[in-house]
>>> print(open('data13.pdb').read())   # PDB, C-alpha atoms
ATOM      1  CA  MET A  31       0.000   0.000   0.000
ATOM      2  CA  ARG A  32       1.331   3.432  -0.922
ATOM      3  CA  ARG A  33       1.601   6.048   1.797
ATOM      4  CA  ILE A  34       3.183   9.466   2.145
ATOM      5  CA  ALA A  35       5.293  10.170   5.230
ATOM      6  CA  PHE A  36       5.587  13.827   6.178
ATOM      7  CA  LEU A  37       8.622  14.358   8.401
ATOM      8  CA  ARG A  38       8.924  17.280  10.763
ATOM      9  CA  GLY A  39      11.900  19.610  10.728
ATOM     10  CA  ILE A  40      13.990  18.039   7.975
ATOM     11  CA  ASN A  41      16.622  20.384   6.563
ATOM     12  CA  LEU A  42      15.814  23.082   9.089
ATOM     13  CA  GLY A  43      18.485  24.419  11.420
ATOM     14  CA  ARG A  44      21.041  21.725  12.241
ATOM     15  CA  ARG A  45      18.785  18.890  11.086
ATOM     16  CA  ARG A  46      20.343  18.700   7.630
ATOM     17  CA  THR A  47      20.507  15.616   5.458
ATOM     18  CA  THR A  48      20.108  14.546   1.872
ATOM     19  CA  ASN A  49      17.337  12.537   0.311
ATOM     20  CA  GLU A  50      19.933   9.942  -0.630
ATOM     21  CA  ALA A  51      21.050   9.532   3.006
ATOM     22  CA  MET A  52      17.441   9.093   4.146
ATOM     23  CA  LEU A  53      16.666   6.556   1.421
ATOM     24  CA  GLU A  54      19.844   4.594   2.153
ATOM     25  CA  ALA A  55      19.091   4.472   5.890
ATOM     26  CA  LEU A  56      15.496   3.367   5.263
ATOM     27  CA  ALA A  57      16.655   0.640   2.850
ATOM     28  CA  SER A  58      19.029  -0.620   5.565
ATOM     29  CA  ALA A  59      16.064  -0.680   7.970
ATOM     30  CA  GLY A  60      14.055  -2.830   5.558
ATOM     31  CA  VAL A  61      11.945  -0.070   4.020
ATOM     32  CA  ALA A  62      13.255  -0.247   0.471
ATOM     33  CA  GLU A  63      10.322   0.915  -1.653
ATOM     34  CA  VAL A  64      10.777   4.614  -0.876
ATOM     35  CA  GLN A  65      11.033   7.759  -2.974
ATOM     36  CA  ALA A  66      11.827  11.225  -1.693
ATOM     37  CA  TYR A  67       9.957  14.269  -2.938
ATOM     38  CA  GLN A  68      11.707  17.605  -2.599
ATOM     39  CA  ALA A  69      14.305  18.018   0.160
ATOM     40  CA  SER A  70      11.949  18.747   3.023
ATOM     41  CA  GLY A  71      10.976  15.383   4.447
ATOM     42  CA  ASN A  72       8.309  14.055   2.092
ATOM     43  CA  LEU A  73       8.679  10.319   1.543
ATOM     44  CA  VAL A  74       6.554   8.132  -0.727
ATOM     45  CA  ILE A  75       6.544   4.602   0.656
ATOM     46  CA  ASP A  76       5.164   1.355  -0.746
ATOM     47  CA  HIS A  77       5.047  -1.045   2.210
ATOM     48  CA  ASP A  78       2.595  -3.367   3.940
ATOM     49  CA  LEU A  79       3.251  -2.219   7.527
ATOM     50  CA  ASP A  80       0.382  -0.455   9.265
ATOM     51  CA  ASP A  81       0.623   3.330   9.513
ATOM     52  CA  VAL A  82       1.675   3.441  13.172
ATOM     53  CA  GLU A  83       4.435   0.865  12.754
ATOM     54  CA  LEU A  84       5.636   2.504   9.542
ATOM     55  CA  ALA A  85       5.740   5.934  11.208
ATOM     56  CA  SER A  86       7.712   4.461  14.103
ATOM     57  CA  ILE A  87      10.306   2.796  11.871
ATOM     58  CA  VAL A  88      10.681   5.821   9.591
ATOM     59  CA  GLY A  89      10.894   8.253  12.516
ATOM     60  CA  ALA A  90      13.495   6.180  14.380
ATOM     61  CA  THR A  91      15.565   5.581  11.253
ATOM     62  CA  ILE A  92      15.628   9.223  10.157
ATOM     63  CA  ALA A  93      16.314  10.312  13.762
ATOM     64  CA  GLU A  94      19.616   8.442  13.504
ATOM     65  CA  VAL A  95      20.399  10.267  10.260
ATOM     66  CA  VAL A  96      19.670  13.775  11.588
ATOM     67  CA  GLY A  97      20.751  13.202  15.183
ATOM     68  CA  GLY A  98      17.470  13.831  16.960
ATOM     69  CA  PRO A  99      13.816  12.845  17.160
ATOM     70  CA  VAL A 100      11.695  13.141  14.030
ATOM     71  CA  ASP A 101       7.925  13.326  14.276
ATOM     72  CA  THR A 102       6.496  11.359  11.359
ATOM     73  CA  PHE A 103       2.971  11.735   9.992
ATOM     74  CA  VAL A 104       1.907   8.911   7.663
ATOM     75  CA  ARG A 105      -1.101   9.219   5.373
ATOM     76  CA  ARG A 106      -2.525   6.746   2.845
ATOM     77  CA  CYS A 107      -2.820   7.973  -0.732
ATOM     78  CA  ASP A 108      -6.610   8.186  -0.500
ATOM     79  CA  GLU A 109      -6.174  10.545   2.469
ATOM     80  CA  VAL A 110      -3.622  12.650   0.569
ATOM     81  CA  ASP A 111      -5.980  12.769  -2.427
ATOM     82  CA  GLY A 112      -8.745  14.030  -0.125
ATOM     83  CA  LEU A 113      -6.494  16.707   1.342
ATOM     84  CA  ALA A 114      -5.386  17.774  -2.119
ATOM     85  CA  ALA A 115      -8.991  18.153  -3.283
ATOM     86  CA  ALA A 116     -10.194  19.966  -0.144
ATOM     87  CA  GLU A 117     -11.251  23.614  -0.405
ATOM     88  CA  PRO A 118     -11.985  24.657   3.178
ATOM     89  CA  PHE A 119     -11.626  28.408   2.568
ATOM     90  CA  GLY A 120     -13.517  28.943  -0.669
ATOM     91  CA  ALA A 121     -12.331  30.723  -3.794
ATOM     92  CA  ARG A 122     -13.304  34.239  -2.656
ATOM     93  CA  ARG A 123     -11.372  33.928   0.627
ATOM     94  CA  LEU A 124      -8.301  32.508  -1.138
ATOM     95  CA  ALA A 125      -8.330  35.295  -3.722
ATOM     96  CA  ALA A 126      -8.332  37.901  -0.930
ATOM     97  CA  ALA A 127      -5.346  36.366   0.883
ATOM     98  CA  ASP A 128      -1.710  37.173   0.197
ATOM     99  CA  GLY A 129      -0.560  33.885   1.725
ATOM    100  CA  LYS A 130      -0.786  30.332   0.444
ATOM    101  CA  PRO A 131      -3.053  27.811   2.141
ATOM    102  CA  GLN A 132      -1.175  25.370   4.371
ATOM    103  CA  VAL A 133      -1.909  21.852   5.604
ATOM    104  CA  VAL A 134      -0.925  21.209   9.226
ATOM    105  CA  PHE A 135      -0.492  17.492   9.888
ATOM    106  CA  LEU A 136      -1.433  16.129  13.316
ATOM    107  CA  HIS A 137      -1.019  12.752  14.973
ATOM    108  CA  ARG A 138      -4.711  12.516  15.864
ATOM    109  CA  PRO A 139      -7.946  14.306  15.036
ATOM    110  CA  VAL A 140      -8.653  17.507  16.917
ATOM    111  CA  ASP A 141     -10.648  16.720  20.048
ATOM    112  CA  ALA A 142     -13.973  18.560  20.234
ATOM    113  CA  SER A 143     -12.859  20.126  23.515
ATOM    114  CA  ALA A 144      -9.945  21.788  21.663
ATOM    115  CA  ILE A 145     -12.130  23.601  19.113
ATOM    116  CA  PRO A 146     -12.613  26.711  21.318
ATOM    117  CA  ALA A 147      -8.842  26.952  21.827
ATOM    118  CA  LEU A 148      -8.303  26.711  18.066
ATOM    119  CA  GLY A 149     -10.889  29.418  17.573
ATOM    120  CA  ALA A 150      -8.978  31.625  20.014
ATOM    121  CA  LEU A 151      -5.759  31.073  18.018
ATOM    122  CA  SER A 152      -7.412  31.985  14.718
ATOM    123  CA  THR A 153      -7.190  35.657  13.867
ATOM    124  CA  ALA A 154      -8.453  37.860  11.060
ATOM    125  CA  HIS A 155      -5.137  37.079   9.328
ATOM    126  CA  ASP A 156      -4.647  33.431  10.301
ATOM    127  CA  GLU A 157      -7.669  31.215   9.796
ATOM    128  CA  LEU A 158      -7.648  27.588  11.015
ATOM    129  CA  VAL A 159     -10.089  24.881   9.938
ATOM    130  CA  ALA A 160      -9.935  21.404  11.506
ATOM    131  CA  VAL A 161     -10.597  18.484   9.157
ATOM    132  CA  GLY A 162      -9.854  15.019  10.550
ATOM    133  CA  ARG A 163      -6.174  14.676  11.464
ATOM    134  CA  GLU A 164      -5.285  17.939   9.751
ATOM    135  CA  LEU A 165      -5.746  21.634  10.117
ATOM    136  CA  PHE A 166      -6.041  23.841   7.084
ATOM    137  CA  TRP A 167      -4.390  27.175   7.774
ATOM    138  CA  LEU A 168      -4.676  30.300   5.686
ATOM    139  CA  PRO A 169      -1.971  32.790   6.718
ATOM    140  CA  ASP A 170      -3.437  35.885   5.104
ATOM    141  CA  ARG A 171      -0.094  37.724   5.238
ATOM    142  CA  GLY A 172       1.980  34.689   4.334
ATOM    143  CA  VAL A 173       3.820  32.328   6.674
ATOM    144  CA  SER A 174       6.560  34.877   7.363
ATOM    145  CA  GLY A 175       3.986  37.501   8.378
ATOM    146  CA  THR A 176       1.832  35.213  10.487
ATOM    147  CA  GLU A 177       0.435  36.138  13.862
ATOM    148  CA  LEU A 178      -0.283  32.472  14.628
ATOM    149  CA  ASP A 179       1.531  31.294  17.749
ATOM    150  CA  MET A 180       2.815  27.875  16.636
ATOM    151  CA  ALA A 181       3.941  26.942  20.162
ATOM    152  CA  ALA A 182       0.432  27.657  21.478
ATOM    153  CA  LEU A 183      -1.036  25.690  18.584
ATOM    154  CA  GLU A 184       1.086  22.679  19.482
ATOM    155  CA  ARG A 185       0.021  22.938  23.127
ATOM    156  CA  VAL A 186      -3.541  22.492  21.861
ATOM    157  CA  VAL A 187      -3.082  19.821  19.160
ATOM    158  CA  GLY A 188       0.322  18.226  19.840
ATOM    159  CA  PRO A 189       3.265  17.996  17.434
ATOM    160  CA  THR A 190       2.710  19.177  13.878
ATOM    161  CA  THR A 191       4.398  19.511  10.539
ATOM    162  CA  VAL A 192       3.258  21.904   7.828
ATOM    163  CA  ARG A 193       3.223  21.730   4.019
ATOM    164  CA  THR A 194       1.708  24.113   1.511
ATOM    165  CA  HIS A 195      -1.556  22.904   0.057
ATOM    166  CA  GLY A 196       0.185  23.101  -3.328
ATOM    167  CA  THR A 197       2.860  20.627  -2.183
ATOM    168  CA  VAL A 198       0.149  18.220  -1.017
ATOM    169  CA  GLN A 199      -1.608  18.627  -4.377
ATOM    170  CA  ARG A 200       1.616  17.943  -6.308
ATOM    171  CA  LEU A 201       2.329  14.849  -4.178
ATOM    172  CA  ALA A 202      -1.182  13.560  -4.825
ATOM    173  CA  ALA A 203      -0.956  14.202  -8.564
ATOM    174  CA  LYS A 204       2.465  12.609  -8.934
ATOM    175  CA  PHE A 205       2.214   9.645  -6.572
ATOM    176  CA  CYS A 206      -1.468   8.994  -5.829
ATOM    177  CA  ASP A 207      -4.641   8.844  -7.887
ATOM    178  CA  LEU A 208      -5.596  12.512  -8.027
TER     179      LEU A 208
END
>>> encode(input="data13.pdb", output="structure tokens")
Amino acid sequence: MRRIAFLRGINLGRRRTTNEAMLEALASAGVAEVQAYQASGNLVIDHDLDDVELASIVGATIAEVVGGPVDTFVRRCDEVDGLAAAEPFGARRLAAADGKPQVVFLHRPVDASAIPALGALSTAHDELVAVGRELFWLPDRGVSGTELDMAALERVVGPTTVRTHGTVQRLAAKFCDL
């Protein structure tokens, strides 16, 4: 079964590596059917392990490569296709924004009790929409101009990793059925 693994913090700060080093380490760990997409921790994996076990193996293996823990978010291709096709903000809202829509990957769906806290983090310039195990985020002024407190967000939803919606769409188109 084909899945996409989204790794947190790859090639940021001191956590530098190459796609080749990651693929070699994963092959040594028995995960040989892997392709890397871009240099930011997007791995396309064909393997029969369940998602939790696959995330554990990939995270532990890449942690050895980069010298520290790596949160790993695994999604099946049908899930990535759904994320790619999603339009949680609507065309009018997107046209009015200067920033690109983002997909924030989570380990588990947002608990209903966390919705008010997410609402408090959303601003006129940083809109958050919870959909399953993801948040869609529209940083109206772009990621560099965001007012969103990422540390506060993670206190509410746990560890995250973020990709542009466009990256998710390109992954789906190239590697999944979209």
>>> resolve_selection(input="data13.pdb", expression="the PyMOL selection byres ((chain A and resi 129) around 7)", output="VMD selection string")
chain A and resid 127 to 128 130 to 131 168 to 173
>>> residues_near_point(input="data13.pdb", point="(-10.8, 25.9, -1.1)", cutoff="12 Å", atoms="only C-alpha atoms", output="number ranges by chain")
A: 113-125, 127, 130-133, 159, 166-168, 195-196
>>> axis_aligned_box(input="data13.pdb", around="range 59-73 of chain A", padding_each_side="4 Å", output="lines of an AutoDock Vina configuration file")
center_x = 12.2
center_y = 8.0
center_z = 2.5
size_x = 15.8
size_y = 29.6
size_z = 18.9
>>> resolve_selection(input="data13.pdb", expression="the PyMOL selection byres ((chain A and resi 112) around 12)", output="number ranges by chain")
A: 105-111, 113-118, 133, 161-164, 195, 198-199, 201-203, 206-208
>>> closest_residue(input="data13.pdb", among="A:Val61, A:Leu158, A:Leu42, A:Val192", to="Asp78 in chain A", atoms="all atoms listed in the file")
A:Val61
>>> residues_near_point(input="data13.pdb", point="(0.4, 4.3, 8.4)", cutoff="9 Å", atoms="only C-alpha atoms", output="MDAnalysis selection string")
chainID A and resid 33:35 79:85 103:106
>>> closest_residue(input="data13.pdb", among="A:Glu50, A:Asp76, A:Glu177, A:Glu63", to="Arg32 in chain A", atoms="all atoms listed in the file")
A:Asp76
>>> atom_distance(input="data13.pdb", atom1="CA of Ala57 in chain A", atom2="CA of Ile92 in chain A")
11.3 Å
>>> residues_around(input="data13.pdb", residues="range 189-191 of chain A", least_positions_apart="3", cutoff="9 Å", atoms="all atoms listed in the file", output="mmCIF file with C-alpha atoms, in the frame of the given file")
data_model
loop_
_atom_site.group_PDB
_atom_site.id
_atom_site.type_symbol
_atom_site.label_atom_id
_atom_site.label_comp_id
_atom_site.auth_asym_id
_atom_site.auth_seq_id
_atom_site.Cartn_x
_atom_site.Cartn_y
_atom_site.Cartn_z
ATOM 1 C CA PHE A 36 5.587 13.827 6.178
ATOM 2 C CA LEU A 37 8.622 14.358 8.401
ATOM 3 C CA ARG A 38 8.924 17.280 10.763
ATOM 4 C CA GLY A 39 11.900 19.610 10.728
ATOM 5 C CA ASP A 101 7.925 13.326 14.276
ATOM 6 C CA THR A 102 6.496 11.359 11.359
ATOM 7 C CA PHE A 103 2.971 11.735 9.992
ATOM 8 C CA VAL A 133 -1.909 21.852 5.604
ATOM 9 C CA VAL A 134 -0.925 21.209 9.226
ATOM 10 C CA PHE A 135 -0.492 17.492 9.888
ATOM 11 C CA LEU A 136 -1.433 16.129 13.316
ATOM 12 C CA HIS A 137 -1.019 12.752 14.973
ATOM 13 C CA LEU A 183 -1.036 25.690 18.584
ATOM 14 C CA GLU A 184 1.086 22.679 19.482
ATOM 15 C CA ARG A 185 0.021 22.938 23.127
#
>>> residues_around(input="data13.pdb", residues="Ile40 in chain A", least_positions_apart="6", cutoff="9 Å", atoms="only C-alpha atoms", output="list in words")
Arg46, Thr47, Ala69, Ser70, Gly71, Val96 and Val100 of chain A
>>> closest_residue(input="data13.pdb", among="A:Ala59, A:Ala144, A:Ala126, A:Thr197", to="Asn72 in chain A", atoms="all atoms listed in the file")
A:Thr197
>>> atom_distance(input="data13.pdb", atom1="CA of Val186 in chain A", atom2="CA of Asp156 in chain A")
16.0 Å
>>> closest_residue(input="data13.pdb", among="A:Leu148, A:Val88, A:Ala181, A:Ala154", to="Met52 in chain A", atoms="all atoms listed in the file")
A:Val88
>>> closest_residue(input="data13.pdb", among="A:Leu178, A:Ala62, A:Met31, A:Ile145", to="Glu157 in chain A", atoms="all atoms listed in the file")
A:Leu178
>>> closest_residue(input="data13.pdb", among="A:Ala150, A:Thr91, A:Asn41, A:Ile75", to="Leu56 in chain A", atoms="only C-alpha atoms")
A:Thr91
>>> atom_distance(input="data13.pdb", atom1="CA of Ala142 in chain A", atom2="CA of Thr194 in chain A")
25.0 Å
>>> decode(input="data13.pdb", residues="range 54-170 of chain A", atoms="C-alpha atoms", output="tab-separated table (two decimals), in the first residue's frame")
chain	number	residue	atom	x	y	z
A	54	GLU	CA	19.84	4.59	2.15
A	55	ALA	CA	19.09	4.47	5.89
A	56	LEU	CA	15.50	3.37	5.26
A	57	ALA	CA	16.65	0.64	2.85
A	58	SER	CA	19.03	-0.62	5.57
A	59	ALA	CA	16.06	-0.68	7.97
A	60	GLY	CA	14.05	-2.83	5.56
A	61	VAL	CA	11.94	-0.07	4.02
A	62	ALA	CA	13.26	-0.25	0.47
A	63	GLU	CA	10.32	0.92	-1.65
A	64	VAL	CA	10.78	4.61	-0.88
A	65	GLN	CA	11.03	7.76	-2.97
A	66	ALA	CA	11.83	11.23	-1.69
A	67	TYR	CA	9.96	14.27	-2.94
A	68	GLN	CA	11.71	17.61	-2.60
A	69	ALA	CA	14.30	18.02	0.16
A	70	SER	CA	11.95	18.75	3.02
A	71	GLY	CA	10.98	15.38	4.45
A	72	ASN	CA	8.31	14.06	2.09
A	73	LEU	CA	8.68	10.32	1.54
A	74	VAL	CA	6.55	8.13	-0.73
A	75	ILE	CA	6.54	4.60	0.66
A	76	ASP	CA	5.16	1.36	-0.75
A	77	HIS	CA	5.05	-1.05	2.21
A	78	ASP	CA	2.60	-3.37	3.94
A	79	LEU	CA	3.25	-2.22	7.53
A	80	ASP	CA	0.38	-0.45	9.26
A	81	ASP	CA	0.62	3.33	9.51
A	82	VAL	CA	1.68	3.44	13.17
A	83	GLU	CA	4.44	0.87	12.75
A	84	LEU	CA	5.64	2.50	9.54
A	85	ALA	CA	5.74	5.93	11.21
A	86	SER	CA	7.71	4.46	14.10
A	87	ILE	CA	10.31	2.80	11.87
A	88	VAL	CA	10.68	5.82	9.59
A	89	GLY	CA	10.89	8.25	12.52
A	90	ALA	CA	13.49	6.18	14.38
A	91	THR	CA	15.56	5.58	11.25
A	92	ILE	CA	15.63	9.22	10.16
A	93	ALA	CA	16.31	10.31	13.76
A	94	GLU	CA	19.62	8.44	13.50
A	95	VAL	CA	20.40	10.27	10.26
A	96	VAL	CA	19.67	13.77	11.59
A	97	GLY	CA	20.75	13.20	15.18
A	98	GLY	CA	17.47	13.83	16.96
A	99	PRO	CA	13.82	12.85	17.16
A	100	VAL	CA	11.70	13.14	14.03
A	101	ASP	CA	7.93	13.33	14.28
A	102	THR	CA	6.50	11.36	11.36
A	103	PHE	CA	2.97	11.74	9.99
A	104	VAL	CA	1.91	8.91	7.66
A	105	ARG	CA	-1.10	9.22	5.37
A	106	ARG	CA	-2.52	6.75	2.84
A	107	CYS	CA	-2.82	7.97	-0.73
A	108	ASP	CA	-6.61	8.19	-0.50
A	109	GLU	CA	-6.17	10.54	2.47
A	110	VAL	CA	-3.62	12.65	0.57
A	111	ASP	CA	-5.98	12.77	-2.43
A	112	GLY	CA	-8.74	14.03	-0.12
A	113	LEU	CA	-6.49	16.71	1.34
A	114	ALA	CA	-5.39	17.77	-2.12
A	115	ALA	CA	-8.99	18.15	-3.28
A	116	ALA	CA	-10.19	19.97	-0.14
A	117	GLU	CA	-11.25	23.61	-0.40
A	118	PRO	CA	-11.99	24.66	3.18
A	119	PHE	CA	-11.63	28.41	2.57
A	120	GLY	CA	-13.52	28.94	-0.67
A	121	ALA	CA	-12.33	30.72	-3.79
A	122	ARG	CA	-13.30	34.24	-2.66
A	123	ARG	CA	-11.37	33.93	0.63
A	124	LEU	CA	-8.30	32.51	-1.14
A	125	ALA	CA	-8.33	35.30	-3.72
A	126	ALA	CA	-8.33	37.90	-0.93
A	127	ALA	CA	-5.35	36.37	0.88
A	128	ASP	CA	-1.71	37.17	0.20
A	129	GLY	CA	-0.56	33.88	1.72
A	130	LYS	CA	-0.79	30.33	0.44
A	131	PRO	CA	-3.05	27.81	2.14
A	132	GLN	CA	-1.18	25.37	4.37
A	133	VAL	CA	-1.91	21.85	5.60
A	134	VAL	CA	-0.93	21.21	9.23
A	135	PHE	CA	-0.49	17.49	9.89
A	136	LEU	CA	-1.43	16.13	13.32
A	137	HIS	CA	-1.02	12.75	14.97
A	138	ARG	CA	-4.71	12.52	15.86
A	139	PRO	CA	-7.95	14.31	15.04
A	140	VAL	CA	-8.65	17.51	16.92
A	141	ASP	CA	-10.65	16.72	20.05
A	142	ALA	CA	-13.97	18.56	20.23
A	143	SER	CA	-12.86	20.13	23.51
A	144	ALA	CA	-9.95	21.79	21.66
A	145	ILE	CA	-12.13	23.60	19.11
A	146	PRO	CA	-12.61	26.71	21.32
A	147	ALA	CA	-8.84	26.95	21.83
A	148	LEU	CA	-8.30	26.71	18.07
A	149	GLY	CA	-10.89	29.42	17.57
A	150	ALA	CA	-8.98	31.62	20.01
A	151	LEU	CA	-5.76	31.07	18.02
A	152	SER	CA	-7.41	31.98	14.72
A	153	THR	CA	-7.19	35.66	13.87
A	154	ALA	CA	-8.45	37.86	11.06
A	155	HIS	CA	-5.14	37.08	9.33
A	156	ASP	CA	-4.65	33.43	10.30
A	157	GLU	CA	-7.67	31.22	9.80
A	158	LEU	CA	-7.65	27.59	11.02
A	159	VAL	CA	-10.09	24.88	9.94
A	160	ALA	CA	-9.94	21.40	11.51
A	161	VAL	CA	-10.60	18.48	9.16
A	162	GLY	CA	-9.85	15.02	10.55
A	163	ARG	CA	-6.17	14.68	11.46
A	164	GLU	CA	-5.28	17.94	9.75
A	165	LEU	CA	-5.75	21.63	10.12
A	166	PHE	CA	-6.04	23.84	7.08
A	167	TRP	CA	-4.39	27.18	7.77
A	168	LEU	CA	-4.68	30.30	5.69
A	169	PRO	CA	-1.97	32.79	6.72
A	170	ASP	CA	-3.44	35.89	5.10
